[in-house]
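Here is the file target.cif (mmCIF, N, CA and C atoms).
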data_run
#
loop_
_atom_site.label_atom_id
_atom_site.label_comp_id
_atom_site.auth_asym_id
_atom_site.auth_seq_id
_atom_site.Cartn_x
_atom_site.Cartn_y
_atom_site.Cartn_z
N MET O 262 150.20 62.38 134.98
CA MET O 262 149.22 61.60 134.26
C MET O 262 147.82 61.99 134.77
N THR O 263 146.99 62.55 133.88
CA THR O 263 145.63 62.89 134.25
C THR O 263 144.65 62.17 133.34
N TRP O 264 143.47 61.95 133.87
CA TRP O 264 142.45 61.16 133.21
C TRP O 264 141.18 61.97 132.99
N ILE O 265 140.48 61.61 131.92
CA ILE O 265 139.10 62.03 131.71
C ILE O 265 138.28 60.76 131.76
N CYS O 266 137.17 60.80 132.46
CA CYS O 266 136.26 59.66 132.53
C CYS O 266 134.90 60.08 131.99
N SER O 267 134.17 59.11 131.46
CA SER O 267 132.78 59.36 131.08
C SER O 267 131.99 58.09 131.33
N GLN O 268 130.74 58.30 131.72
CA GLN O 268 129.85 57.15 131.90
C GLN O 268 128.40 57.59 131.96
N ILE O 269 127.57 56.71 131.45
CA ILE O 269 126.13 56.88 131.57
C ILE O 269 125.71 56.19 132.86
N GLY O 270 124.97 56.88 133.70
CA GLY O 270 124.51 56.28 134.95
C GLY O 270 125.55 56.34 136.05
N ALA O 271 125.20 55.71 137.16
CA ALA O 271 126.04 55.75 138.36
C ALA O 271 126.76 54.42 138.56
N ARG O 272 127.18 53.79 137.49
CA ARG O 272 127.83 52.48 137.58
C ARG O 272 128.86 52.42 138.68
N GLU O 273 128.77 51.37 139.44
CA GLU O 273 129.72 51.11 140.53
C GLU O 273 129.90 52.33 141.44
N HIS O 274 128.81 53.07 141.59
CA HIS O 274 128.83 54.28 142.46
C HIS O 274 129.98 55.21 142.08
N TYR O 275 130.20 55.34 140.77
CA TYR O 275 131.25 56.23 140.25
C TYR O 275 132.64 55.85 140.75
N SER O 276 132.89 54.57 140.94
CA SER O 276 134.15 54.14 141.57
C SER O 276 135.40 54.57 140.80
N VAL O 277 135.39 54.48 139.48
CA VAL O 277 136.60 54.83 138.73
C VAL O 277 136.90 56.33 138.82
N PRO O 278 135.94 57.21 138.48
CA PRO O 278 136.27 58.63 138.62
C PRO O 278 136.53 59.05 140.07
N ARG O 279 135.86 58.43 141.03
CA ARG O 279 136.10 58.75 142.44
C ARG O 279 137.52 58.39 142.85
N MET O 280 137.98 57.21 142.44
CA MET O 280 139.33 56.78 142.78
C MET O 280 140.37 57.72 142.17
N LEU O 281 140.19 58.05 140.89
CA LEU O 281 141.12 58.96 140.23
C LEU O 281 141.09 60.33 140.88
N ASN O 282 139.91 60.80 141.24
CA ASN O 282 139.78 62.10 141.90
C ASN O 282 140.48 62.11 143.25
N SER O 283 140.34 61.02 144.00
CA SER O 283 140.96 60.97 145.33
C SER O 283 142.49 60.98 145.27
N HIS O 284 143.04 60.57 144.12
CA HIS O 284 144.49 60.58 143.93
C HIS O 284 144.97 61.80 143.13
N GLY O 285 144.06 62.75 142.89
CA GLY O 285 144.43 63.96 142.17
C GLY O 285 144.70 63.74 140.69
N LYS O 286 144.16 62.66 140.13
CA LYS O 286 144.43 62.30 138.73
C LYS O 286 143.26 62.57 137.79
N LEU O 287 142.10 62.95 138.32
CA LEU O 287 140.92 63.19 137.48
C LEU O 287 140.93 64.62 136.97
N GLU O 288 140.99 64.76 135.65
CA GLU O 288 140.94 66.09 135.03
C GLU O 288 139.49 66.53 134.89
N SER O 289 138.62 65.62 134.41
CA SER O 289 137.20 65.93 134.29
C SER O 289 136.40 64.64 134.15
N PHE O 290 135.11 64.75 134.44
CA PHE O 290 134.21 63.60 134.41
C PHE O 290 132.92 64.00 133.69
N TYR O 291 132.60 63.26 132.62
CA TYR O 291 131.40 63.50 131.83
C TYR O 291 130.37 62.43 132.14
N THR O 292 129.15 62.84 132.42
CA THR O 292 128.10 61.89 132.74
C THR O 292 126.77 62.41 132.21
N ASP O 293 125.79 61.51 132.15
CA ASP O 293 124.50 61.92 131.59
C ASP O 293 123.70 62.79 132.56
N PHE O 294 123.64 62.39 133.83
CA PHE O 294 122.87 63.16 134.81
C PHE O 294 123.64 63.23 136.12
N TRP O 295 123.75 64.44 136.65
CA TRP O 295 124.43 64.66 137.92
C TRP O 295 123.54 65.54 138.78
N SER O 296 123.05 65.01 139.89
CA SER O 296 122.13 65.78 140.72
C SER O 296 122.86 66.79 141.61
N GLY O 297 124.13 66.53 141.88
CA GLY O 297 124.94 67.49 142.62
C GLY O 297 124.30 68.00 143.89
N LYS O 298 124.32 69.29 144.04
CA LYS O 298 123.80 69.91 145.25
C LYS O 298 122.28 69.83 145.35
N LEU O 299 121.62 69.42 144.28
CA LEU O 299 120.16 69.30 144.29
C LEU O 299 119.69 67.92 144.71
N SER O 300 120.59 67.01 145.03
CA SER O 300 120.21 65.63 145.32
C SER O 300 119.19 65.53 146.45
N HIS O 301 119.34 66.33 147.49
CA HIS O 301 118.39 66.27 148.61
C HIS O 301 117.01 66.77 148.19
N LEU O 302 116.92 67.69 147.24
CA LEU O 302 115.63 68.19 146.77
C LEU O 302 114.89 67.14 145.94
N LEU O 303 115.63 66.39 145.14
CA LEU O 303 115.01 65.38 144.29
C LEU O 303 114.32 64.28 145.11
N ASN O 304 114.80 64.02 146.30
CA ASN O 304 114.16 63.02 147.16
C ASN O 304 112.74 63.40 147.53
N ASN O 305 112.43 64.68 147.49
CA ASN O 305 111.11 65.16 147.91
C ASN O 305 110.16 65.46 146.77
N ILE O 306 110.59 65.21 145.54
CA ILE O 306 109.74 65.47 144.38
C ILE O 306 109.00 64.19 144.03
N PRO O 307 107.66 64.27 143.90
CA PRO O 307 106.86 63.07 143.62
C PRO O 307 106.85 62.68 142.14
N LEU O 308 108.02 62.47 141.56
CA LEU O 308 108.12 62.00 140.18
C LEU O 308 108.63 60.57 140.17
N LYS O 309 108.31 59.85 139.11
CA LYS O 309 108.63 58.44 139.00
C LYS O 309 110.12 58.14 139.24
N HIS O 310 111.01 58.90 138.65
CA HIS O 310 112.44 58.61 138.72
C HIS O 310 113.22 59.56 139.63
N ALA O 311 112.52 60.38 140.40
CA ALA O 311 113.21 61.41 141.20
C ALA O 311 114.19 60.80 142.21
N LYS O 312 113.79 59.75 142.90
CA LYS O 312 114.69 59.14 143.89
C LYS O 312 115.91 58.51 143.22
N THR O 313 115.70 57.90 142.07
CA THR O 313 116.83 57.33 141.33
C THR O 313 117.79 58.44 140.91
N LEU O 314 117.24 59.53 140.41
CA LEU O 314 118.08 60.64 139.96
C LEU O 314 118.82 61.29 141.12
N SER O 315 118.22 61.27 142.30
CA SER O 315 118.89 61.88 143.45
C SER O 315 120.16 61.12 143.83
N SER O 316 120.25 59.84 143.44
CA SER O 316 121.45 59.06 143.73
C SER O 316 122.55 59.28 142.70
N ARG O 317 122.30 60.08 141.69
CA ARG O 317 123.29 60.38 140.66
C ARG O 317 124.21 61.50 141.14
N TYR O 318 124.93 61.19 142.19
CA TYR O 318 125.79 62.15 142.85
C TYR O 318 126.67 61.36 143.82
N HIS O 319 127.85 61.86 144.08
CA HIS O 319 128.65 61.28 145.15
C HIS O 319 129.46 62.39 145.79
N ARG O 320 129.42 62.42 147.10
CA ARG O 320 130.09 63.51 147.83
C ARG O 320 131.60 63.52 147.64
N ASP O 321 132.17 62.40 147.22
CA ASP O 321 133.62 62.33 147.00
C ASP O 321 134.07 63.03 145.72
N MET O 322 133.12 63.41 144.88
CA MET O 322 133.46 64.02 143.60
C MET O 322 133.43 65.54 143.71
N THR O 323 134.40 66.17 143.09
CA THR O 323 134.46 67.62 143.03
C THR O 323 133.51 68.10 141.94
N HIS O 324 132.55 68.92 142.31
CA HIS O 324 131.53 69.36 141.34
C HIS O 324 132.13 70.10 140.15
N GLN O 325 133.21 70.81 140.36
CA GLN O 325 133.81 71.56 139.27
C GLN O 325 134.34 70.65 138.17
N LYS O 326 134.60 69.40 138.47
CA LYS O 326 135.13 68.47 137.48
C LYS O 326 134.04 67.68 136.75
N VAL O 327 132.79 67.84 137.16
CA VAL O 327 131.70 67.06 136.58
C VAL O 327 130.96 67.89 135.53
N ILE O 328 130.84 67.33 134.33
CA ILE O 328 130.09 67.94 133.25
C ILE O 328 128.97 66.97 132.90
N SER O 329 127.73 67.46 132.95
CA SER O 329 126.60 66.56 132.70
C SER O 329 125.64 67.18 131.69
N GLN O 330 124.77 66.35 131.19
CA GLN O 330 123.75 66.78 130.24
C GLN O 330 122.36 66.44 130.80
N ASN O 331 122.04 67.02 131.93
CA ASN O 331 120.85 66.65 132.68
C ASN O 331 119.57 66.66 131.86
N LEU O 332 119.31 67.72 131.12
CA LEU O 332 118.07 67.80 130.35
C LEU O 332 118.01 66.69 129.31
N GLN O 333 119.09 66.48 128.59
CA GLN O 333 119.12 65.42 127.58
C GLN O 333 118.92 64.04 128.22
N ALA O 334 119.46 63.84 129.40
CA ALA O 334 119.29 62.56 130.08
C ALA O 334 117.82 62.31 130.39
N LEU O 335 117.11 63.34 130.80
CA LEU O 335 115.68 63.19 131.08
C LEU O 335 114.90 62.90 129.79
N ILE O 336 115.27 63.54 128.72
CA ILE O 336 114.61 63.29 127.43
C ILE O 336 114.85 61.85 126.99
N TRP O 337 116.08 61.37 127.13
CA TRP O 337 116.38 59.98 126.75
C TRP O 337 115.63 58.98 127.64
N GLU O 338 115.48 59.29 128.90
CA GLU O 338 114.73 58.40 129.80
C GLU O 338 113.29 58.27 129.31
N LYS O 339 112.72 59.36 128.86
CA LYS O 339 111.35 59.34 128.34
C LYS O 339 111.28 58.55 127.03
N LYS O 340 112.31 58.66 126.18
CA LYS O 340 112.36 57.96 124.90
C LYS O 340 112.42 56.44 125.07
N LYS O 341 112.97 56.00 126.19
CA LYS O 341 113.18 54.57 126.41
C LYS O 341 111.89 53.77 126.20
N GLN O 342 110.76 54.34 126.58
CA GLN O 342 109.46 53.65 126.48
C GLN O 342 109.08 53.36 125.03
N SER O 343 109.58 54.14 124.09
CA SER O 343 109.19 53.97 122.69
C SER O 343 109.98 52.88 121.96
N TYR O 344 110.99 52.33 122.60
CA TYR O 344 111.82 51.30 121.97
C TYR O 344 111.22 49.91 122.21
N ARG O 345 111.10 49.14 121.16
CA ARG O 345 110.63 47.76 121.29
C ARG O 345 111.74 46.86 121.81
N ASN O 346 112.96 47.13 121.36
CA ASN O 346 114.11 46.33 121.75
C ASN O 346 115.02 47.21 122.61
N ILE O 347 115.20 46.84 123.87
CA ILE O 347 115.98 47.65 124.80
C ILE O 347 117.43 47.81 124.34
N TYR O 348 117.97 46.83 123.62
CA TYR O 348 119.34 46.94 123.14
C TYR O 348 119.48 48.02 122.07
N ASP O 349 118.44 48.20 121.26
CA ASP O 349 118.46 49.29 120.29
C ASP O 349 118.50 50.64 121.03
N TYR O 350 117.77 50.73 122.12
CA TYR O 350 117.81 51.94 122.94
C TYR O 350 119.22 52.19 123.48
N TYR O 351 119.83 51.14 124.05
CA TYR O 351 121.18 51.29 124.61
C TYR O 351 122.20 51.71 123.54
N ILE O 352 122.07 51.15 122.34
CA ILE O 352 122.98 51.52 121.25
C ILE O 352 122.80 52.98 120.88
N ASP O 353 121.55 53.40 120.70
CA ASP O 353 121.28 54.80 120.33
C ASP O 353 121.68 55.76 121.45
N ARG O 354 121.38 55.39 122.68
CA ARG O 354 121.70 56.24 123.83
C ARG O 354 123.22 56.38 123.97
N GLY O 355 123.91 55.27 123.84
CA GLY O 355 125.37 55.29 123.94
C GLY O 355 126.01 56.12 122.85
N HIS O 356 125.50 55.98 121.63
CA HIS O 356 126.02 56.76 120.51
C HIS O 356 125.82 58.25 120.75
N PHE O 357 124.63 58.64 121.16
CA PHE O 357 124.33 60.05 121.42
C PHE O 357 125.23 60.61 122.52
N PHE O 358 125.37 59.85 123.62
CA PHE O 358 126.19 60.30 124.74
C PHE O 358 127.66 60.43 124.33
N SER O 359 128.16 59.45 123.60
CA SER O 359 129.56 59.49 123.19
C SER O 359 129.83 60.64 122.22
N LYS O 360 128.91 60.91 121.31
CA LYS O 360 129.04 62.05 120.40
C LYS O 360 129.02 63.35 121.19
N TRP O 361 128.18 63.44 122.21
CA TRP O 361 128.14 64.63 123.06
C TRP O 361 129.47 64.80 123.79
N THR O 362 129.98 63.71 124.36
CA THR O 362 131.27 63.77 125.06
C THR O 362 132.36 64.21 124.09
N GLU O 363 132.37 63.62 122.91
CA GLU O 363 133.35 64.01 121.89
C GLU O 363 133.26 65.50 121.59
N SER O 364 132.05 66.01 121.41
CA SER O 364 131.89 67.44 121.10
C SER O 364 132.39 68.32 122.24
N GLN O 365 132.19 67.88 123.48
CA GLN O 365 132.69 68.63 124.63
C GLN O 365 134.21 68.63 124.67
N LEU O 366 134.81 67.49 124.36
CA LEU O 366 136.27 67.37 124.36
C LEU O 366 136.90 68.22 123.26
N LYS O 367 136.25 68.31 122.12
CA LYS O 367 136.79 69.08 121.01
C LYS O 367 136.87 70.58 121.34
N LYS O 368 136.10 71.02 122.29
CA LYS O 368 136.09 72.44 122.68
C LYS O 368 137.23 72.79 123.64
N ARG O 369 137.98 71.79 124.08
CA ARG O 369 138.94 71.99 125.15
C ARG O 369 140.38 71.75 124.70
N LYS O 370 141.28 72.23 125.52
CA LYS O 370 142.70 71.90 125.34
C LYS O 370 142.96 70.67 126.18
N LEU O 371 143.48 69.66 125.55
CA LEU O 371 143.70 68.37 126.23
C LEU O 371 145.17 68.05 126.41
N ALA O 372 146.00 69.05 126.41
CA ALA O 372 147.46 68.85 126.46
C ALA O 372 147.91 68.07 127.69
N ASN O 373 147.24 68.24 128.82
CA ASN O 373 147.66 67.58 130.05
C ASN O 373 146.96 66.25 130.30
N VAL O 374 146.11 65.82 129.39
CA VAL O 374 145.34 64.58 129.57
C VAL O 374 146.09 63.42 128.94
N SER O 375 146.29 62.36 129.71
CA SER O 375 147.02 61.21 129.19
C SER O 375 146.12 60.00 128.90
N HIS O 376 144.97 59.90 129.62
CA HIS O 376 144.11 58.73 129.49
C HIS O 376 142.63 59.12 129.47
N PHE O 377 141.86 58.30 128.78
CA PHE O 377 140.40 58.43 128.73
C PHE O 377 139.81 57.08 129.14
N PHE O 378 138.91 57.09 130.11
CA PHE O 378 138.22 55.86 130.53
C PHE O 378 136.72 56.04 130.36
N SER O 379 136.08 55.01 129.83
CA SER O 379 134.63 54.99 129.74
C SER O 379 134.16 53.54 129.68
N TYR O 380 132.90 53.35 129.98
CA TYR O 380 132.30 52.03 129.85
C TYR O 380 131.84 51.83 128.42
N ASP O 381 131.54 50.57 128.09
CA ASP O 381 131.23 50.20 126.71
C ASP O 381 130.10 51.03 126.11
N THR O 382 129.04 51.29 126.83
CA THR O 382 127.96 52.12 126.30
C THR O 382 128.40 53.58 126.42
N GLY O 383 128.64 54.22 125.31
CA GLY O 383 129.05 55.61 125.31
C GLY O 383 130.54 55.82 125.16
N PHE O 384 131.26 54.84 124.67
CA PHE O 384 132.72 54.89 124.58
C PHE O 384 133.25 55.27 123.20
N LEU O 385 132.74 54.67 122.15
CA LEU O 385 133.38 54.61 120.84
C LEU O 385 133.79 55.96 120.25
N GLU O 386 132.86 56.84 120.02
CA GLU O 386 133.18 58.09 119.31
C GLU O 386 134.13 58.98 120.11
N ALA O 387 133.90 59.08 121.41
CA ALA O 387 134.79 59.89 122.25
C ALA O 387 136.19 59.28 122.28
N ALA O 388 136.27 57.96 122.35
CA ALA O 388 137.58 57.29 122.38
C ALA O 388 138.31 57.47 121.06
N GLU O 389 137.61 57.37 119.96
CA GLU O 389 138.25 57.58 118.65
C GLU O 389 138.85 58.98 118.58
N PHE O 390 138.13 59.99 119.07
CA PHE O 390 138.66 61.35 119.08
C PHE O 390 139.89 61.43 119.99
N CYS O 391 139.80 60.85 121.17
CA CYS O 391 140.93 60.89 122.11
C CYS O 391 142.18 60.29 121.49
N LYS O 392 142.02 59.20 120.77
CA LYS O 392 143.17 58.56 120.13
C LYS O 392 143.83 59.49 119.12
N THR O 393 143.03 60.31 118.42
CA THR O 393 143.62 61.26 117.46
C THR O 393 144.43 62.34 118.18
N GLN O 394 144.18 62.51 119.47
CA GLN O 394 144.89 63.51 120.27
C GLN O 394 146.07 62.90 121.03
N GLY O 395 146.34 61.61 120.78
CA GLY O 395 147.44 60.93 121.45
C GLY O 395 147.12 60.49 122.87
N ILE O 396 145.85 60.46 123.20
CA ILE O 396 145.40 60.06 124.54
C ILE O 396 145.12 58.56 124.53
N LYS O 397 145.65 57.85 125.50
CA LYS O 397 145.39 56.41 125.62
C LYS O 397 143.96 56.21 126.13
N THR O 398 143.31 55.16 125.62
CA THR O 398 141.93 54.90 126.00
C THR O 398 141.80 53.57 126.72
N VAL O 399 140.91 53.54 127.70
CA VAL O 399 140.65 52.33 128.48
C VAL O 399 139.14 52.09 128.48
N LEU O 400 138.76 50.90 128.06
CA LEU O 400 137.35 50.52 127.98
C LEU O 400 136.98 49.66 129.17
N GLY O 401 135.92 50.03 129.86
CA GLY O 401 135.35 49.21 130.93
C GLY O 401 134.18 48.42 130.36
N GLN O 402 134.40 47.15 130.06
CA GLN O 402 133.34 46.30 129.48
C GLN O 402 132.52 45.73 130.62
N MET O 403 131.28 46.17 130.76
CA MET O 403 130.49 45.76 131.92
C MET O 403 129.79 44.43 131.74
N ASP O 404 129.38 44.09 130.53
CA ASP O 404 128.75 42.79 130.30
C ASP O 404 128.72 42.52 128.80
N PRO O 405 128.43 41.29 128.39
CA PRO O 405 128.44 40.97 126.97
C PRO O 405 127.19 41.46 126.24
N GLY O 406 126.23 42.05 126.95
CA GLY O 406 125.05 42.65 126.32
C GLY O 406 124.23 41.68 125.48
N VAL O 407 123.93 42.09 124.26
CA VAL O 407 123.06 41.31 123.40
C VAL O 407 123.67 39.94 123.08
N THR O 408 124.98 39.82 123.09
CA THR O 408 125.64 38.53 122.85
C THR O 408 125.21 37.52 123.90
N GLU O 409 125.15 37.97 125.14
CA GLU O 409 124.73 37.09 126.23
C GLU O 409 123.29 36.62 126.05
N GLN O 410 122.44 37.51 125.57
CA GLN O 410 121.04 37.17 125.36
C GLN O 410 120.88 36.14 124.27
#
Do you think you could lay out the structure here as structure tokens?
Amino acid sequence: MTWICSQIGAREHYSVPRMLNSHGKLESFYTDFWSGKLSHLLNNIPLKHAKTLSSRYHRDMTHQKVISQNLQALIWEKKKQSYRNIYDYYIDRGHFFSKWTESQLKKRKLANVSHFFSYDTGFLEAAEFCKTQGIKTVLGQMDPGVTEQ
């Protein structure tokens, strides 16, 4: 049983993909930004979000299993300022990320993958594709979002 995980941000310090990786069950991990081996360099760059971006890494993760869209993540961070309603931003960001994840998955052979895990933002389109491939999907619902508001 192998898993693919995806998530925007460093939620829970990457606990789900880290746990799966430590048990040899993580096939691949898709994320918006991964600082990887450059994390120590980002700490020294005088940019607004550089320190935050430097934390987008965890030493427990195998770099070969991480697929990220670093440039697009930076572009989306800049776009955030133009949104009047932050929930509209989250919806658009999640849709874009999930479509990207879906497109990455379509390029691969998924014969050995049994499960797909992602959080609510960025889940839908990738999960729908996984289901067509016979892959079970697991949703991590982090909060009620706009309903709570």
Can you give me, as a PyMOL selection string, the residues this file yields under the PyMOL selection byres ((chain O and resi 331) around 8)? chain O and resi 292-296+328-330+332-337
Give me the residues near O:Asp353 as a PyMOL selection string, where near means some atom within 10 Å (using only C-alpha atoms) and where sequence neighbours in that chain fewer than 4 positions away do not count. chain O and resi 337+347-349+357-359+382-383
Print the selection's residues with N, CA and C atoms to a file, as a tab-separated table (two decimals), in the frame of the given file.
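Dumped to out.tsv:
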chain	number	residue	atom	x	y	z
O	337	TRP	N	116.08	61.37	127.13
O	337	TRP	CA	116.38	59.98	126.75
O	337	TRP	C	115.63	58.98	127.64
O	347	ILE	N	115.20	46.84	123.87
O	347	ILE	CA	115.98	47.65	124.80
O	347	ILE	C	117.43	47.81	124.34
O	348	TYR	N	117.97	46.83	123.62
O	348	TYR	CA	119.34	46.94	123.14
O	348	TYR	C	119.48	48.02	122.07
O	349	ASP	N	118.44	48.20	121.26
O	349	ASP	CA	118.46	49.29	120.29
O	349	ASP	C	118.50	50.64	121.03
O	357	PHE	N	124.63	58.64	121.16
O	357	PHE	CA	124.33	60.05	121.42
O	357	PHE	C	125.23	60.61	122.52
O	358	PHE	N	125.37	59.85	123.62
O	358	PHE	CA	126.19	60.30	124.74
O	358	PHE	C	127.66	60.43	124.33
O	359	SER	N	128.16	59.45	123.60
O	359	SER	CA	129.56	59.49	123.19
O	359	SER	C	129.83	60.64	122.22
O	382	THR	N	129.04	51.29	126.83
O	382	THR	CA	127.96	52.12	126.30
O	382	THR	C	128.40	53.58	126.42
O	383	GLY	N	128.64	54.22	125.31
O	383	GLY	CA	129.05	55.61	125.31
O	383	GLY	C	130.54	55.82	125.16
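Between atom C of O:His376 and atom C of O:Glu338 the separation is 29.4 Å.
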Leaving out O:Met322 and any residue of its chain fewer than 6 positions from it, which residues lie within 8 Å of it when counting only C-alpha atoms, given as a PyMOL selection string? chain O and resi 278-279+282
If we count only N, CA and C atoms and set the cut-off at 7 Å, which residues sit around O:Phe384, ignoring sequence neighbours fewer than 2 positions away in its own chain? Please answer as JSON, numbers by chain. {"O": [355, 356, 358, 359, 379, 380, 381, 382, 386, 387, 388, 389]}
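Among the candidates O:Val277, O:Leu287, O:Leu385, O:Ile352, the one nearest to O:Gln325 when counting only C-alpha atoms is O:Leu287.
When only N, CA and C atoms are used to compute distances to O:Ile265, the closest of the residues O:Gly297, O:Phe377, O:Leu366, O:Leu371 turns out to be O:Phe377.
Among the candidates O:Lys360, O:Arg272, O:Lys370, O:Lys397, the one nearest to O:Ser316 when counting only C-alpha atoms is O:Arg272.
Reported to one decimal place, the separation of atom C of O:Tyr351 from atom CA of O:Arg369 is 26.3 Å.
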Please list as an MDAnalysis selection string every residue within 7 Å of O:Ile396, counting only C-alpha atoms and excluding residues in the same chain fewer than 2 positions away. chainID O and resid 374:377 391:392 394 398
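Separating atom C of O:Val399 from atom N of O:Glu288 is a distance of 14.7 Å.
Within chain O, DSSP run on the backbone puts these residues in strand (DSSP E): Thr263, Trp264, Ile265, Cys266, Ser267, Gln268, Leu287, Glu288, Ser289, Phe290, Tyr291, Thr292, Val327, Ile328, Ser329, Val374, Ser375, His376, Phe377, Phe378, Ser379, Tyr380, Lys397, Thr398, Val399, Leu400 and Gly401 of chain O.
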As a check of understanding, name the residues that the PyMOL selection byres (((chain O and resi 321 and name CA) around 12) and name CA) selects in the supplied structure, as a PyMOL selection string. chain O and resi 274-285+297+318-320+322-324+326-327
From a backbone DSSP assignment, name each residue in chain O labelled helix (DSSP H, G or I), as an MDAnalysis selection string. chainID O and resid 272:283 297:303 311:315 324:326 331:343 347:367 385:393 406:408
